[in-house]
file query_2.cif (mmCIF, C-alpha atoms)
data_input
loop_
_atom_site.label_atom_id
_atom_site.label_comp_id
_atom_site.auth_asym_id
_atom_site.auth_seq_id
_atom_site.Cartn_x
_atom_site.Cartn_y
_atom_site.Cartn_z
CA MET V 1 79.65 -257.47 -54.94
CA ARG V 2 81.20 -259.76 -52.34
CA TYR V 3 83.01 -257.39 -49.92
CA SER V 4 82.93 -253.75 -48.87
CA VAL V 5 86.10 -252.72 -47.05
CA ILE V 6 85.41 -249.77 -44.73
CA VAL V 7 88.22 -247.70 -43.23
CA PRO V 8 87.63 -244.68 -40.94
CA VAL V 9 90.52 -242.20 -41.08
CA PHE V 10 91.62 -239.34 -38.88
CA ASN V 11 94.77 -237.41 -39.90
CA ARG V 12 96.64 -240.46 -41.22
CA PRO V 13 97.17 -240.08 -44.99
CA ASP V 14 100.53 -241.91 -45.03
CA GLU V 15 99.12 -244.96 -43.26
CA VAL V 16 96.08 -245.04 -45.51
CA GLU V 17 98.31 -245.04 -48.57
CA GLU V 18 100.13 -248.16 -47.34
CA LEU V 19 96.82 -249.89 -46.67
CA LEU V 20 95.38 -248.96 -50.06
CA VAL V 21 98.50 -250.10 -51.88
CA SER V 22 98.22 -253.47 -50.12
CA LEU V 23 94.60 -253.67 -51.27
CA THR V 24 95.68 -253.19 -54.90
CA LYS V 25 97.77 -256.38 -54.56
CA GLN V 26 94.96 -258.67 -53.36
CA THR V 27 94.60 -261.93 -55.27
CA PHE V 28 90.81 -261.82 -54.73
CA ASN V 29 89.31 -258.79 -56.48
CA ASP V 30 85.54 -258.74 -55.92
CA PHE V 31 85.49 -255.84 -53.44
CA GLU V 32 85.07 -252.10 -53.02
CA VAL V 33 86.87 -249.77 -50.64
CA ILE V 34 85.10 -247.04 -48.67
CA ILE V 35 87.31 -244.43 -46.99
CA VAL V 36 85.50 -242.26 -44.43
CA GLU V 37 87.51 -239.15 -43.51
CA ASP V 38 86.39 -238.33 -39.97
CA GLY V 39 86.85 -234.55 -39.95
CA SER V 40 90.61 -234.71 -40.55
CA GLU V 41 92.67 -231.56 -40.91
CA LYS V 42 95.29 -233.56 -42.80
CA THR V 43 93.17 -235.46 -45.30
CA CYS V 44 93.98 -238.45 -47.49
CA LYS V 45 91.88 -237.30 -50.47
CA SER V 46 94.88 -236.86 -52.77
CA VAL V 47 96.06 -240.36 -51.85
CA CYS V 48 92.64 -241.78 -52.68
CA ASP V 49 92.46 -239.81 -55.94
CA GLY V 50 95.83 -241.23 -56.96
CA LEU V 51 94.68 -244.83 -56.44
CA SER V 52 91.08 -244.53 -57.64
CA GLY V 53 92.05 -245.92 -61.04
CA THR V 54 93.32 -249.19 -59.58
CA LEU V 55 90.65 -249.74 -56.92
CA ASP V 56 86.86 -249.50 -56.74
CA LEU V 57 87.41 -246.69 -54.25
CA HIS V 58 84.88 -244.31 -52.69
CA TYR V 59 86.02 -241.37 -50.57
CA PHE V 60 83.75 -239.51 -48.15
CA PHE V 61 84.44 -236.60 -45.82
CA LYS V 62 82.29 -235.94 -42.74
CA GLU V 63 82.44 -234.03 -39.48
CA ASN V 64 84.36 -235.67 -36.66
CA SER V 65 82.24 -238.15 -34.69
CA GLY V 66 84.68 -240.97 -33.92
CA PRO V 67 85.52 -244.27 -35.63
CA GLY V 68 82.33 -246.14 -34.69
CA GLN V 69 79.95 -243.64 -36.26
CA SER V 70 82.28 -243.25 -39.24
CA ARG V 71 82.08 -246.99 -39.86
CA ASN V 72 78.29 -246.76 -39.72
CA TYR V 73 78.45 -243.91 -42.23
CA GLY V 74 80.45 -246.10 -44.58
CA ALA V 75 78.23 -249.13 -44.03
CA GLU V 76 75.16 -247.12 -45.08
CA ARG V 77 76.85 -246.65 -48.46
CA ALA V 78 78.26 -250.17 -48.81
CA LYS V 79 77.14 -252.56 -51.55
CA GLY V 80 78.98 -255.73 -50.56
CA GLU V 81 77.46 -258.90 -49.18
CA TYR V 82 79.99 -258.70 -46.36
CA ILE V 83 81.41 -255.62 -44.65
CA ILE V 84 85.06 -255.78 -43.63
CA ILE V 85 86.16 -253.22 -41.04
CA LEU V 86 89.85 -252.30 -40.96
CA ASP V 87 91.80 -249.70 -39.02
CA SER V 88 93.84 -247.25 -41.06
CA ASP V 89 97.10 -248.46 -39.47
CA VAL V 90 96.97 -251.99 -40.87
CA VAL V 91 98.57 -253.46 -43.99
CA LEU V 92 97.23 -256.58 -45.70
CA PRO V 93 99.18 -259.54 -47.05
CA GLU V 94 98.33 -260.36 -50.67
CA GLY V 95 96.19 -263.35 -49.75
CA TYR V 96 94.09 -261.69 -47.02
CA LEU V 97 90.77 -261.48 -48.91
CA GLN V 98 91.33 -264.90 -50.48
CA ALA V 99 91.81 -266.34 -46.99
CA VAL V 100 88.51 -264.76 -45.91
CA GLU V 101 86.77 -266.16 -48.99
CA ASP V 102 88.24 -269.64 -48.45
CA GLU V 103 87.01 -269.71 -44.84
CA LEU V 104 83.51 -268.61 -45.81
CA GLN V 105 83.37 -271.23 -48.56
CA ARG V 106 84.54 -273.89 -46.10
CA GLU V 107 82.01 -272.95 -43.40
CA PRO V 108 79.56 -270.02 -43.60
CA ALA V 109 79.70 -267.34 -40.90
CA ASP V 110 77.69 -264.25 -40.09
CA ALA V 111 80.70 -262.49 -38.59
CA PHE V 112 84.41 -263.13 -38.26
CA GLY V 113 87.72 -261.65 -37.31
CA GLY V 114 91.39 -262.36 -37.72
CA PRO V 115 94.60 -261.98 -35.73
CA ASP V 116 97.38 -259.46 -36.26
CA SER V 117 101.13 -259.61 -36.57
CA ALA V 118 104.19 -257.37 -36.84
CA HIS V 119 105.73 -256.78 -40.25
CA THR V 120 109.48 -257.18 -40.65
CA ASP V 121 109.67 -253.48 -41.61
CA PHE V 122 108.11 -252.33 -38.33
CA THR V 123 110.34 -250.53 -35.85
CA ASP V 124 111.66 -252.47 -32.87
CA THR V 125 109.27 -250.51 -30.64
CA GLN V 126 106.30 -251.48 -32.81
CA LYS V 127 107.38 -255.12 -32.74
CA ALA V 128 107.69 -255.04 -28.95
CA ILE V 129 104.24 -253.45 -28.65
CA SER V 130 102.81 -256.01 -31.07
CA TYR V 131 104.25 -258.77 -28.90
CA ALA V 132 102.71 -257.27 -25.75
CA MET V 133 99.29 -257.10 -27.40
CA THR V 134 99.31 -260.64 -28.81
CA SER V 135 101.27 -262.77 -26.34
CA PHE V 136 99.51 -265.36 -24.19
CA PHE V 137 101.54 -264.09 -21.23
CA THR V 138 100.15 -260.56 -21.48
CA THR V 139 96.66 -260.79 -23.01
CA GLY V 140 95.80 -264.45 -22.51
CA GLY V 141 95.72 -265.00 -26.29
CA ILE V 142 92.22 -263.49 -26.57
CA ARG V 143 93.18 -261.42 -29.63
CA GLY V 144 93.42 -264.42 -31.94
CA GLY V 145 96.10 -266.59 -30.39
CA LYS V 146 96.03 -270.37 -30.72
CA LYS V 147 95.96 -270.63 -26.91
CA LYS V 148 93.45 -268.34 -25.20
CA LEU V 149 91.72 -267.85 -21.85
CA ASP V 150 88.44 -266.61 -23.35
CA LYS V 151 86.59 -266.99 -26.64
CA PHE V 152 87.60 -264.80 -29.55
CA TYR V 153 85.78 -261.50 -30.08
CA PRO V 154 86.44 -259.73 -33.40
CA ARG V 155 87.99 -256.30 -33.05
CA SER V 156 87.75 -253.34 -35.38
CA PHE V 157 91.30 -253.56 -36.74
CA ASN V 158 90.29 -256.76 -38.57
CA MET V 159 86.58 -257.54 -38.46
CA GLY V 160 83.98 -258.79 -40.91
CA ILE V 161 80.21 -259.10 -40.76
CA ARG V 162 77.43 -259.90 -43.17
CA ARG V 163 75.83 -256.61 -44.22
CA GLU V 164 72.30 -257.71 -43.32
CA VAL V 165 73.46 -258.68 -39.82
CA TYR V 166 75.22 -255.33 -39.43
CA GLN V 167 72.00 -253.56 -40.33
CA GLU V 168 69.88 -255.75 -38.03
CA LEU V 169 72.18 -254.98 -35.08
CA GLY V 170 72.32 -251.26 -35.85
CA GLY V 171 76.06 -251.23 -36.43
CA PHE V 172 78.43 -249.69 -33.90
CA SER V 173 77.01 -248.05 -30.80
CA LYS V 174 77.97 -244.58 -29.54
CA MET V 175 80.16 -245.98 -26.77
CA ARG V 176 83.31 -243.88 -26.44
CA PHE V 177 85.57 -246.86 -25.71
CA GLY V 178 85.05 -250.53 -26.61
CA GLU V 179 82.47 -250.03 -29.34
CA ASP V 180 83.95 -252.90 -31.36
CA ILE V 181 83.69 -255.42 -28.51
CA ASP V 182 80.17 -254.10 -27.87
CA LEU V 183 79.22 -255.05 -31.43
CA SER V 184 80.90 -258.46 -31.07
CA ILE V 185 78.97 -259.14 -27.86
CA ARG V 186 75.71 -258.25 -29.61
CA ILE V 187 76.65 -260.59 -32.46
CA PHE V 188 77.02 -263.51 -30.04
CA LYS V 189 73.94 -262.56 -28.01
CA GLY V 190 71.94 -262.39 -31.24
CA GLY V 191 72.76 -266.03 -31.94
CA TYR V 192 74.76 -265.29 -35.08
CA ARG V 193 77.65 -267.48 -36.19
CA CYS V 194 80.96 -265.78 -35.41
CA ARG V 195 84.37 -267.36 -35.99
CA LEU V 196 88.09 -266.67 -35.89
CA PHE V 197 89.71 -266.89 -39.33
CA PRO V 198 93.32 -267.67 -38.34
CA GLU V 199 94.72 -267.27 -41.86
CA ALA V 200 93.03 -263.88 -42.44
CA TRP V 201 95.63 -261.93 -40.49
CA VAL V 202 96.90 -258.39 -40.93
CA TRP V 203 100.04 -256.45 -40.11
CA HIS V 204 99.00 -253.99 -37.41
CA LYS V 205 101.27 -251.04 -36.62
CA ARG V 206 99.50 -250.01 -33.41
CA ARG V 207 101.36 -247.20 -31.60
CA THR V 208 104.85 -245.89 -32.34
CA ASP V 209 106.00 -245.16 -28.77
CA PHE V 210 105.25 -246.35 -25.25
CA ARG V 211 103.54 -243.12 -24.18
CA LYS V 212 100.89 -243.43 -26.92
CA PHE V 213 100.67 -247.15 -26.23
CA PHE V 214 99.95 -246.50 -22.55
CA ARG V 215 97.07 -244.18 -23.47
CA GLN V 216 95.65 -246.78 -25.86
CA VAL V 217 95.63 -249.61 -23.31
CA TYR V 218 94.46 -247.24 -20.56
CA ASN V 219 91.38 -246.59 -22.68
CA SER V 220 90.98 -250.35 -23.17
CA GLY V 221 90.82 -250.75 -19.39
CA ILE V 222 88.11 -248.10 -19.27
CA ALA V 223 86.25 -249.88 -22.08
CA ARG V 224 86.17 -253.14 -20.17
CA VAL V 225 84.38 -251.54 -17.20
CA ASN V 226 81.94 -249.76 -19.52
CA LEU V 227 81.20 -253.09 -21.19
CA TYR V 228 80.70 -254.70 -17.78
CA LYS V 229 78.15 -252.04 -16.85
CA LYS V 230 76.27 -252.75 -20.08
CA TYR V 231 76.76 -256.55 -20.11
CA PRO V 232 77.57 -257.81 -16.58
CA ASP V 233 78.20 -261.35 -17.85
CA SER V 234 80.90 -260.13 -20.25
CA LEU V 235 83.50 -259.63 -17.50
CA LYS V 236 85.75 -262.70 -17.26
CA LEU V 237 88.75 -263.61 -15.13
CA VAL V 238 91.15 -262.86 -17.98
CA HIS V 239 89.92 -259.25 -18.04
CA LEU V 240 90.83 -258.83 -14.36
CA LEU V 241 94.37 -260.17 -14.68
CA PRO V 242 96.03 -256.87 -15.74
CA THR V 243 94.47 -255.14 -12.72
CA VAL V 244 95.58 -257.97 -10.42
CA PHE V 245 99.06 -257.72 -11.96
CA THR V 246 99.16 -253.94 -11.44
CA VAL V 247 98.04 -254.09 -7.82
CA GLY V 248 100.24 -257.11 -7.15
CA VAL V 249 103.42 -255.55 -8.52
CA ILE V 250 102.82 -252.34 -6.56
CA ALA V 251 102.22 -254.39 -3.39
CA LEU V 252 105.42 -256.38 -3.95
CA ILE V 253 107.47 -253.21 -4.44
CA ILE V 254 106.00 -251.65 -1.29
CA THR V 255 106.73 -254.85 0.64
CA SER V 256 110.32 -254.80 -0.58
CA ALA V 257 110.64 -251.14 0.44
CA VAL V 258 109.36 -251.97 3.92
CA GLY V 259 111.90 -254.78 4.14
CA ARG V 260 114.66 -252.43 3.09
CA LEU V 261 113.58 -249.95 5.76
CA MET V 262 113.53 -252.67 8.41
CA MET V 263 117.03 -253.77 7.37
CA HIS V 264 118.23 -250.23 7.98
CA TYR V 265 116.83 -249.97 11.51
CA CYS V 266 116.86 -253.62 12.63
CA ASP V 267 118.84 -256.80 12.05
CA PRO V 268 119.70 -256.81 8.27
CA HIS V 269 119.86 -260.60 8.09
CA ARG V 270 116.42 -261.00 9.62
CA TYR V 271 114.67 -258.78 7.05
CA TYR V 272 116.82 -259.55 3.98
CA TRP V 273 114.25 -261.85 2.38
CA LEU V 274 111.43 -259.41 3.05
CA CYS V 275 113.43 -256.99 0.92
CA ALA V 276 114.58 -259.41 -1.78
CA ALA V 277 111.84 -262.03 -2.12
CA PRO V 278 109.12 -259.72 -3.58
CA TRP V 279 111.32 -259.16 -6.62
CA LEU V 280 111.51 -262.86 -7.49
CA PRO V 281 108.06 -263.17 -9.18
CA ILE V 282 108.64 -259.88 -10.98
CA LEU V 283 112.02 -261.05 -12.28
CA LEU V 284 110.52 -264.41 -13.27
CA PHE V 285 107.84 -262.68 -15.31
CA CYS V 286 110.51 -260.52 -16.99
CA LEU V 287 112.53 -263.63 -17.82
CA ILE V 288 109.53 -265.37 -19.37
CA ILE V 289 108.76 -262.34 -21.55
CA LEU V 290 112.42 -261.95 -22.53
CA VAL V 291 112.81 -265.57 -23.61
CA ASP V 292 109.45 -265.86 -25.39
CA SER V 293 109.74 -262.56 -27.26
CA THR V 294 113.39 -263.16 -28.20
CA ILE V 295 112.48 -266.52 -29.71
CA ARG V 296 109.41 -265.17 -31.49
CA ASN V 297 111.11 -262.05 -32.87
CA LYS V 298 114.58 -263.59 -33.24
CA SER V 299 116.03 -260.53 -31.52
CA LEU V 300 117.40 -260.14 -27.99
CA LYS V 301 116.94 -256.37 -28.26
CA ILE V 302 113.23 -256.72 -29.00
CA GLY V 303 113.06 -259.27 -26.19
CA PHE V 304 114.28 -256.69 -23.68
CA MET V 305 112.02 -254.00 -25.16
CA SER V 306 109.08 -256.40 -24.87
CA ILE V 307 109.55 -256.45 -21.11
CA GLY V 308 108.92 -252.70 -21.05
CA ALA V 309 106.01 -253.05 -23.48
CA ALA V 310 104.46 -255.80 -21.36
CA PHE V 311 104.58 -253.65 -18.22
CA VAL V 312 103.12 -250.68 -20.10
CA GLN V 313 100.35 -252.90 -21.49
CA LEU V 314 99.43 -254.43 -18.15
CA PHE V 315 99.84 -251.30 -16.03
CA GLY V 316 98.07 -249.10 -18.58
CA TYR V 317 95.09 -251.43 -18.81
CA GLY V 318 95.06 -251.99 -15.07
CA CYS V 319 95.13 -248.28 -14.27
CA GLY V 320 92.35 -247.57 -16.78
CA PHE V 321 90.26 -250.37 -15.30
CA ILE V 322 90.76 -249.11 -11.73
CA SER V 323 89.95 -245.52 -12.72
CA ALA V 324 86.78 -246.55 -14.55
CA TRP V 325 85.73 -248.92 -11.77
CA TRP V 326 86.02 -246.09 -9.24
CA LYS V 327 84.04 -243.63 -11.36
CA ARG V 328 81.37 -246.01 -12.68
CA CYS V 329 80.93 -248.61 -9.94
CA ILE V 330 81.85 -246.71 -6.76
CA LEU V 331 80.81 -243.13 -7.59
CA GLY V 332 77.94 -244.36 -9.79
CA LYS V 333 78.57 -242.03 -12.74
CA ASP V 334 77.22 -242.87 -16.18
CA GLU V 335 79.61 -243.32 -19.11
CA TYR V 336 79.27 -239.77 -20.40
CA HIS V 337 79.77 -237.96 -17.10
CA ALA V 338 82.59 -240.30 -16.06
CA PHE V 339 84.57 -239.54 -19.23
CA GLU V 340 82.95 -236.36 -20.50
CA LYS V 341 86.19 -234.79 -21.74
CA THR V 342 86.94 -237.69 -24.06
CA PHE V 343 83.61 -237.80 -25.92
CA TYR V 344 83.34 -236.54 -29.47
CA LYS V 345 81.59 -233.20 -29.85
#

call {"tool": "encode", "arguments": {"input": "query_2.cif", "output": "C-alpha cells"}}
result
Amino acid sequence: MRYSVIVPVFNRPDEVEELLVSLTKQTFNDFEVIIVEDGSEKTCKSVCDGLSGTLDLHYFFKENSGPGQSRNYGAERAKGEYIIILDSDVVLPEGYLQAVEDELQREPADAFGGPDSAHTDFTDTQKAISYAMTSFFTTGGIRGGKKKLDKFYPRSFNMGIRREVYQELGGFSKMRFGEDIDLSIRIFKGGYRCRLFPEAWVWHKRRTDFRKFFRQVYNSGIARVNLYKKYPDSLKLVHLLPTVFTVGVIALIITSAVGRLMMHYCDPHRYYWLCAAPWLPILLFCLIILVDSTIRNKSLKIGFMSIGAAFVQLFGYGCGFISAWWKRCILGKDEYHAFEKTFYK
C-alpha cells in the first residue's frame, strides 16, 4: 500500500464526514484511512460506518491523550509506505493524492508538506482567518507561501512522512503545543529530505470565530517558546515579528494617548503630531492588508474583516509568546509546570 492517511478526531463528526467524502473522490486510490477517535463524547463512528464500503477505512477509539499521541496510535497500525497526517477540519481537492504521488515520482522525499487555502464555501470569517494565517504580511509566508522569510516546516494539517522515518524518529513527542513543528525540526536535524509540495494543498477551515482563533494563535506563540527551549537554534527573526508588532502597536497607542493628554494641558499645535503620527504606521498596515486581501479574495468585505483577523493573529501569537517567555525563560519553569492546566490527563 502506498499511503496511510491518519486523522485524529475530537468531537467533530460533521467535519470528518466532509473530509472522508473528499477522500472518496480522489483520483489516486492506493491508500487507506485511519480515523483515531481521541476520547470524543460526540463520536464519528456512524459516519465512518456509512463510508466504510467506499473507502479502505479503519476506525479506532481510545482515551483522550491529544492529537500527537493519537497520530502515533494510528501510525502503529498503518500499512502504507508513506503516512499522511491531516487535521479533521480539512477538505481535499480531487487531485490531492495524485499531486503527492507526482511530486514523489519527480523527486523522492522522506517527508513533505503542502499549503492550505480557503474554499469558496467557507464563511467570510473563515476566509479572513485563512488570509491572516497564510499572508506574507502576517506570517512571512512560512506556511507554504511562494515568498517566505524562513524555510518551510510541514505542519500537521497537511503533512507526509515515510513510515520508516516516522518510526525511526519516534513519531510525535508529548509536547503540549508545537508537536508538529517539533517533528519537522527532528526531520531536518536527522538529515532527511523534506520538501514543500506546492500543488498538494488542502482547504483548511481553521476556526469559525475570532475568539477561538485568538486562542489557537495564542497557543502557537507558547509553542514557539517551548520549541526554542528545546532547540535554541530554531528561533528565527520571523518568529519574533508578531511579538515586536504587539509591543510596537501598544507603544504607539500609548504615545498617541500621551500626545492627546499633552494637547489638553499644553499648546495643542505643539503636540498634535505626537498624538496623530503614531497612528500612521498602524493605518498603513491596515491599508496593505485591506488591499491585498480584497484582491486575493475578490471581496471588500473580507478585506476589512482580514484587518481584524490580522490583528488577532499577530496579537494572539505575540501575547502567547510573551506569556511563555516570562514563564519559561524568566521564571525558569519547565513546560509542564508552566502550562499544567492545559496538559492532557

call {"tool": "resolve_selection", "arguments": {"input": "query_2.cif", "expression": "the PyMOL selection byres ((chain V and resi 316-327) around 9)", "output": "JSON, numbers by chain"}}
result
{"V": [213, 214, 215, 216, 217, 218, 219, 220, 221, 222, 223, 224, 225, 226, 240, 241, 242, 243, 244, 245, 246, 247, 311, 312, 313, 314, 315, 328, 329, 330, 331, 332, 333, 334, 335, 338, 339]}

call {"tool": "residues_around", "arguments": {"input": "query_2.cif", "residues": "Phe10 (chain V)", "least_positions_apart": "2", "cutoff": "7 Å", "atoms": "all atoms listed in the file", "output": "PyMOL selection string"}}
result
chain V and resi 8+12+37-40

call {"tool": "closest_residue", "arguments": {"input": "query_2.cif", "among": "V:Lys42, V:Lys212, V:His58, V:Lys25", "to": "Val7 (chain V)", "atoms": "all atoms listed in the file"}}
result
V:His58

call {"tool": "atom_distance", "arguments": {"input": "query_2.cif", "atom1": "CA of Arg77 (chain V)", "atom2": "CA of Arg106 (chain V)"}}
result
28.4 Å

call {"tool": "resolve_selection", "arguments": {"input": "query_2.cif", "expression": "the PyMOL selection byres ((chain V and resi 83) around 8)", "output": "ChimeraX atom specification"}}
result
/V:3-6,75,78,80-82,84-85,160-163

call {"tool": "closest_residue", "arguments": {"input": "query_2.cif", "among": "V:Ser293, V:Ser52, V:Ser70, V:Ser135", "to": "Pro115 (chain V)", "atoms": "only C-alpha atoms"}}
result
V:Ser135

call {"tool": "residues_around", "arguments": {"input": "query_2.cif", "residues": "Ile282 (chain V)", "least_positions_apart": "2", "cutoff": "10 Å", "atoms": "all atoms listed in the file", "output": "VMD selection string"}}
result
chain V and resid 245 248 to 249 252 to 253 277 to 280 284 to 287

call {"tool": "axis_aligned_box", "arguments": {"input": "query_2.cif", "around": "region 44-50 of chain V", "padding_each_side": "3 Å", "output": "AutoDock Vina command-line options"}}
result
--center_x 94.0 --center_y -239.3 --center_z -52.2 --size_x 10.2 --size_y 10.9 --size_z 15.5

call {"tool": "residues_around", "arguments": {"input": "query_2.cif", "residues": "Tyr231 (chain V)", "least_positions_apart": "3", "cutoff": "12 Å", "atoms": "only C-alpha atoms", "output": "NGL selection string"}}
result
:V and (181-186 or 189 or 223-228 or 234-236)

call {"tool": "closest_residue", "arguments": {"input": "query_2.cif", "among": "V:Thr255, V:Thr125, V:Gln167, V:Asn11", "to": "Asn72 (chain V)", "atoms": "all atoms listed in the file"}}
result
V:Gln167

call {"tool": "atom_distance", "arguments": {"input": "query_2.cif", "atom1": "CA of Val91 (chain V)", "atom2": "CA of Leu290 (chain V)"}}
result
26.9 Å

call {"tool": "resolve_selection", "arguments": {"input": "query_2.cif", "expression": "the PyMOL selection byres ((chain V and resi 9) around 12)", "output": "MDAnalysis selection string"}}
result
chainID V and resid 6:8 10:17 19 34:45 48 59:71 74 85:90

call {"tool": "closest_residue", "arguments": {"input": "query_2.cif", "among": "V:Met175, V:Ser299, V:Cys275, V:Asp180", "to": "Arg260 (chain V)", "atoms": "all atoms listed in the file"}}
result
V:Cys275

call {"tool": "atom_distance", "arguments": {"input": "query_2.cif", "atom1": "CA of Asp124 (chain V)", "atom2": "CA of Ile307 (chain V)"}}
result
12.6 Å

call {"tool": "closest_residue", "arguments": {"input": "query_2.cif", "among": "V:Leu23, V:Ala132, V:Leu51, V:Leu274", "to": "Leu261 (chain V)", "atoms": "only C-alpha atoms"}}
result
V:Leu274

call {"tool": "closest_residue", "arguments": {"input": "query_2.cif", "among": "V:Ala257, V:Ala109, V:Leu300, V:Ala99", "to": "Arg193 (chain V)", "atoms": "all atoms listed in the file"}}
result
V:Ala109

call {"tool": "residues_around", "arguments": {"input": "query_2.cif", "residues": "Trp201 (chain V)", "least_positions_apart": "3", "cutoff": "8 Å", "atoms": "all atoms listed in the file", "output": "list in words"}}
result
Leu92, Pro93, Tyr96, Gly114, Pro115, Asp116, Ser117, Asn158, Phe197 and Pro198 of chain V
